[in-house]
Amino acid sequence: MDTGLTAAESRELDQRLQKRQVKEFMNLFGNLVDNCFTACVDDFTSKALSGRENGCISRCVMKSMSTQTRLGERFGELNAAMSNELSNKNI
Amino acid sequence: MSFLGFGKPQPTSAERISAVENELKVVAEMHSRMVKICTLKCIDKTYREGELAKGESVCLDRCAAKFFESHQKISEQLQKETAARGGGMGF
């Protein structure tokens with residue numbers, strides 16, 4: 001991506017992006033917990049997760065990560081197409 | 001991204017870095033929103049399986065495409081309506 005930044009500015013940007021990536025990973029983790037807990041856990045007759053709940057949570061994590069991957073691919077394609085369209089309009 | 005001088009003061013280094021960072025931030029936020037919404041709309045909440053079913057995969061692909069199309073349509077319409085209503089949005 002041609003951002004028009006100098007080498008030093010690029011380095012600064014990279015540092016910021018790294019920090020942002022860590023933050024985003026933590027967000028992803030949080031959403032995963034919220035989502036899978038809400039979907040899988042609703043039996044409060046016990047303090048410990050039941051076998052059913054454990055299995056559900058595992059499957060939820062697996063499926064969520066597959067979803068993330070697939071949507072990441074689609075997003076990349078669609079975003080690139082949209083950017084192309086926009087820059088063609090501006091010509 | 002280009003900055004057309006036209007006699008205005010040149011953007012500072014910090015401004016240039018922030019501009020790129022913000023652009024990436026906007027894209028990342030859109031991605032995150034799309035994942036959340038399409039998961040809600042397409043993924044079976046009982047998590048009986050740990051893998052994406054064929055129907056779910058297809059739904060995700062279509063959801064992503066429609067999300068982008070909606071984004072563009074709303075963007076265009078919002079611009080039109082905002083201009084028609086006198087440019088301001090009551091801010």
# chains A, B, ... in the order shown; residues from 1 in each chain; ligands from 1
$ closest_atom_pairs --of "chain B" --to "chain A" --cutoff "10 Å" --atoms "only C-alpha atoms" --output "CSV"
residue,atom,partner,partner_atom,distance
B:Met1,CA,A:Thr3,CA,6.2
B:Ser2,CA,A:Gly4,CA,7.5
B:Phe3,CA,A:Gly4,CA,9.5
B:Ser13,CA,A:Glu9,CA,7.1
B:Ala14,CA,A:Glu9,CA,8.2
B:Arg16,CA,A:Leu5,CA,7.2
B:Ile17,CA,A:Leu13,CA,6.1
B:Ser18,CA,A:Leu13,CA,8.1
B:Ala19,CA,A:Thr3,CA,9.5
B:Val20,CA,A:Thr3,CA,6.9
B:Glu21,CA,A:Leu13,CA,6.9
B:Leu24,CA,A:Leu17,CA,8.8
B:Lys25,CA,A:Arg20,CA,8.7
B:Val27,CA,A:Asn79,CA,8.5
B:Ala28,CA,A:Glu24,CA,8.9
B:Glu29,CA,A:Glu24,CA,9.6
B:Met30,CA,A:Phe75,CA,9.2
B:His31,CA,A:Phe75,CA,6.8
B:Ser32,CA,A:Leu28,CA,8.7
B:Met34,CA,A:Leu71,CA,8.2
B:Val35,CA,A:Leu71,CA,6.6
B:Lys36,CA,A:Asn31,CA,8.7
B:Cys38,CA,A:Leu71,CA,8.7
B:Thr39,CA,A:Thr67,CA,7.4
B:Leu40,CA,A:Asn35,CA,9.6
B:Cys42,CA,A:Thr67,CA,9.8
B:Ile43,CA,A:Lys63,CA,8.7
B:Asp44,CA,A:Ala39,CA,9.7
B:Lys45,CA,A:Ala39,CA,5.9
B:Thr46,CA,A:Ala39,CA,6.8
B:Tyr47,CA,A:Cys60,CA,5.7
B:Arg48,CA,A:Cys56,CA,6.9
B:Glu49,CA,A:Arg59,CA,6.0
B:Gly50,CA,A:Arg59,CA,3.9
B:Glu51,CA,A:Lys63,CA,5.3
B:Leu52,CA,A:Lys63,CA,6.0
B:Ala53,CA,A:Lys63,CA,9.4
B:Glu56,CA,A:Thr67,CA,9.1
B:Ser57,CA,A:Arg70,CA,7.9
B:Leu60,CA,A:Leu71,CA,6.9
B:Asp61,CA,A:Arg74,CA,6.6
B:Arg62,CA,A:Arg74,CA,9.3
B:Cys63,CA,A:Leu71,CA,9.2
B:Ala64,CA,A:Arg74,CA,6.6
B:Ala65,CA,A:Leu78,CA,7.0
B:Phe67,CA,A:Leu78,CA,9.7
B:Phe68,CA,A:Leu78,CA,7.1
B:Glu69,CA,A:Met82,CA,9.2
B:Gln72,CA,A:Met82,CA,8.6
$ write_last_selection --atoms "N, CA and C atoms" --output "short mmCIF file (atom, residue, chain, number, x, y, z; two decimals), in the first residue's frame"
data_model
loop_
_atom_site.label_atom_id
_atom_site.label_comp_id
_atom_site.auth_asym_id
_atom_site.auth_seq_id
_atom_site.Cartn_x
_atom_site.Cartn_y
_atom_site.Cartn_z
N MET B 1 -3.10 7.76 -0.94
CA MET B 1 -3.70 9.00 -0.45
C MET B 1 -2.83 10.16 -0.88
N SER B 2 -3.42 11.25 -1.34
CA SER B 2 -2.58 12.38 -1.71
C SER B 2 -3.12 13.62 -1.04
N PHE B 3 -2.24 14.49 -0.72
CA PHE B 3 -2.67 15.78 -0.17
C PHE B 3 -2.38 16.85 -1.21
N SER B 13 4.07 15.52 10.04
CA SER B 13 4.40 14.10 10.08
C SER B 13 3.37 13.34 10.90
N ALA B 14 3.07 13.88 12.07
CA ALA B 14 2.12 13.21 12.96
C ALA B 14 0.76 13.08 12.30
N ARG B 16 0.15 12.93 9.11
CA ARG B 16 0.18 11.96 8.01
C ARG B 16 0.09 10.54 8.56
N ILE B 17 0.82 10.28 9.65
CA ILE B 17 0.78 8.94 10.24
C ILE B 17 -0.63 8.65 10.75
N SER B 18 -1.20 9.62 11.45
CA SER B 18 -2.56 9.43 11.99
C SER B 18 -3.56 9.19 10.88
N ALA B 19 -3.40 9.87 9.77
CA ALA B 19 -4.35 9.72 8.67
C ALA B 19 -4.37 8.27 8.18
N VAL B 20 -3.18 7.71 7.98
CA VAL B 20 -3.10 6.32 7.52
C VAL B 20 -3.65 5.38 8.59
N GLU B 21 -3.26 5.64 9.84
CA GLU B 21 -3.72 4.79 10.94
C GLU B 21 -5.24 4.81 11.03
N LEU B 24 -6.92 2.75 8.29
CA LEU B 24 -6.87 1.32 8.60
C LEU B 24 -7.83 0.98 9.73
N LYS B 25 -7.97 1.90 10.68
CA LYS B 25 -8.87 1.68 11.80
C LYS B 25 -10.31 1.54 11.31
N VAL B 27 -11.34 0.56 8.40
CA VAL B 27 -11.47 -0.73 7.71
C VAL B 27 -11.58 -1.86 8.72
N ALA B 28 -10.74 -1.83 9.74
CA ALA B 28 -10.75 -2.89 10.75
C ALA B 28 -12.07 -2.93 11.51
N GLU B 29 -12.62 -1.74 11.79
CA GLU B 29 -13.89 -1.69 12.50
C GLU B 29 -15.01 -2.26 11.65
N MET B 30 -14.99 -1.94 10.37
CA MET B 30 -16.00 -2.47 9.47
C MET B 30 -15.92 -4.00 9.44
N HIS B 31 -14.71 -4.52 9.40
CA HIS B 31 -14.50 -5.96 9.40
C HIS B 31 -15.09 -6.59 10.65
N SER B 32 -14.79 -5.97 11.79
CA SER B 32 -15.25 -6.50 13.07
C SER B 32 -16.78 -6.50 13.16
N MET B 34 -18.86 -6.57 10.65
CA MET B 34 -19.38 -7.55 9.71
C MET B 34 -19.33 -8.95 10.30
N VAL B 35 -18.23 -9.29 10.95
CA VAL B 35 -18.10 -10.63 11.54
C VAL B 35 -19.18 -10.85 12.59
N LYS B 36 -19.37 -9.84 13.44
CA LYS B 36 -20.36 -9.96 14.50
C LYS B 36 -21.75 -10.19 13.93
N CYS B 38 -22.75 -11.04 10.78
CA CYS B 38 -22.95 -12.22 9.95
C CYS B 38 -22.93 -13.51 10.79
N THR B 39 -22.18 -13.49 11.88
CA THR B 39 -22.22 -14.63 12.80
C THR B 39 -23.62 -14.77 13.38
N LEU B 40 -24.18 -13.63 13.79
CA LEU B 40 -25.53 -13.62 14.34
C LEU B 40 -26.55 -14.13 13.34
N CYS B 42 -26.03 -16.00 10.55
CA CYS B 42 -25.79 -17.23 9.79
C CYS B 42 -25.43 -18.47 10.61
N ILE B 43 -24.92 -18.25 11.81
CA ILE B 43 -24.38 -19.40 12.53
C ILE B 43 -25.39 -19.94 13.54
N ASP B 44 -25.60 -21.24 13.47
CA ASP B 44 -26.51 -21.94 14.36
C ASP B 44 -26.01 -21.85 15.80
N LYS B 45 -26.84 -21.26 16.66
CA LYS B 45 -26.38 -20.98 18.02
C LYS B 45 -26.31 -22.20 18.93
N THR B 46 -26.75 -23.36 18.45
CA THR B 46 -26.70 -24.52 19.34
C THR B 46 -25.31 -25.18 19.30
N TYR B 47 -24.50 -24.80 18.32
CA TYR B 47 -23.13 -25.31 18.23
C TYR B 47 -23.05 -26.82 18.39
N ARG B 48 -23.87 -27.50 17.62
CA ARG B 48 -23.84 -28.97 17.65
C ARG B 48 -22.61 -29.50 16.95
N GLU B 49 -22.07 -28.72 16.03
CA GLU B 49 -20.88 -29.13 15.29
C GLU B 49 -19.78 -28.10 15.49
N GLY B 50 -18.53 -28.58 15.42
CA GLY B 50 -17.40 -27.66 15.55
C GLY B 50 -16.96 -27.10 14.22
N GLU B 51 -17.56 -27.60 13.14
CA GLU B 51 -17.15 -27.13 11.82
C GLU B 51 -18.31 -26.43 11.13
N LEU B 52 -17.96 -25.51 10.26
CA LEU B 52 -18.98 -24.80 9.50
C LEU B 52 -19.72 -25.76 8.58
N ALA B 53 -21.04 -25.74 8.64
CA ALA B 53 -21.83 -26.51 7.69
C ALA B 53 -21.81 -25.80 6.34
N GLU B 56 -24.06 -22.84 6.24
CA GLU B 56 -23.53 -21.71 7.00
C GLU B 56 -22.44 -21.00 6.20
N SER B 57 -21.56 -21.77 5.54
CA SER B 57 -20.48 -21.17 4.75
C SER B 57 -21.04 -20.29 3.64
N LEU B 60 -22.50 -17.15 5.03
CA LEU B 60 -21.47 -16.17 5.39
C LEU B 60 -20.99 -15.41 4.15
N ASP B 61 -20.73 -16.15 3.06
CA ASP B 61 -20.26 -15.50 1.83
C ASP B 61 -21.27 -14.46 1.35
N ARG B 62 -22.52 -14.87 1.34
CA ARG B 62 -23.57 -13.96 0.84
C ARG B 62 -23.78 -12.79 1.78
N CYS B 63 -23.68 -13.09 3.07
CA CYS B 63 -23.84 -12.04 4.07
C CYS B 63 -22.77 -10.97 3.88
N ALA B 64 -21.52 -11.39 3.67
CA ALA B 64 -20.43 -10.44 3.47
C ALA B 64 -20.69 -9.58 2.24
N ALA B 65 -21.10 -10.22 1.14
CA ALA B 65 -21.35 -9.48 -0.09
C ALA B 65 -22.47 -8.46 0.11
N PHE B 67 -23.48 -7.19 2.91
CA PHE B 67 -23.05 -6.17 3.87
C PHE B 67 -22.33 -5.04 3.14
N PHE B 68 -21.43 -5.41 2.25
CA PHE B 68 -20.69 -4.40 1.50
C PHE B 68 -21.61 -3.60 0.59
N GLU B 69 -22.53 -4.28 -0.06
CA GLU B 69 -23.43 -3.59 -0.97
C GLU B 69 -24.31 -2.61 -0.17
N GLN B 72 -22.32 0.48 0.73
CA GLN B 72 -22.17 1.43 -0.37
C GLN B 72 -23.47 2.16 -0.66
#
$ select_by_dssp --residues "chain A" --states "alpha helix (DSSP H)" --output "PyMOL selection string"
chain A and resi 7-40+51-89
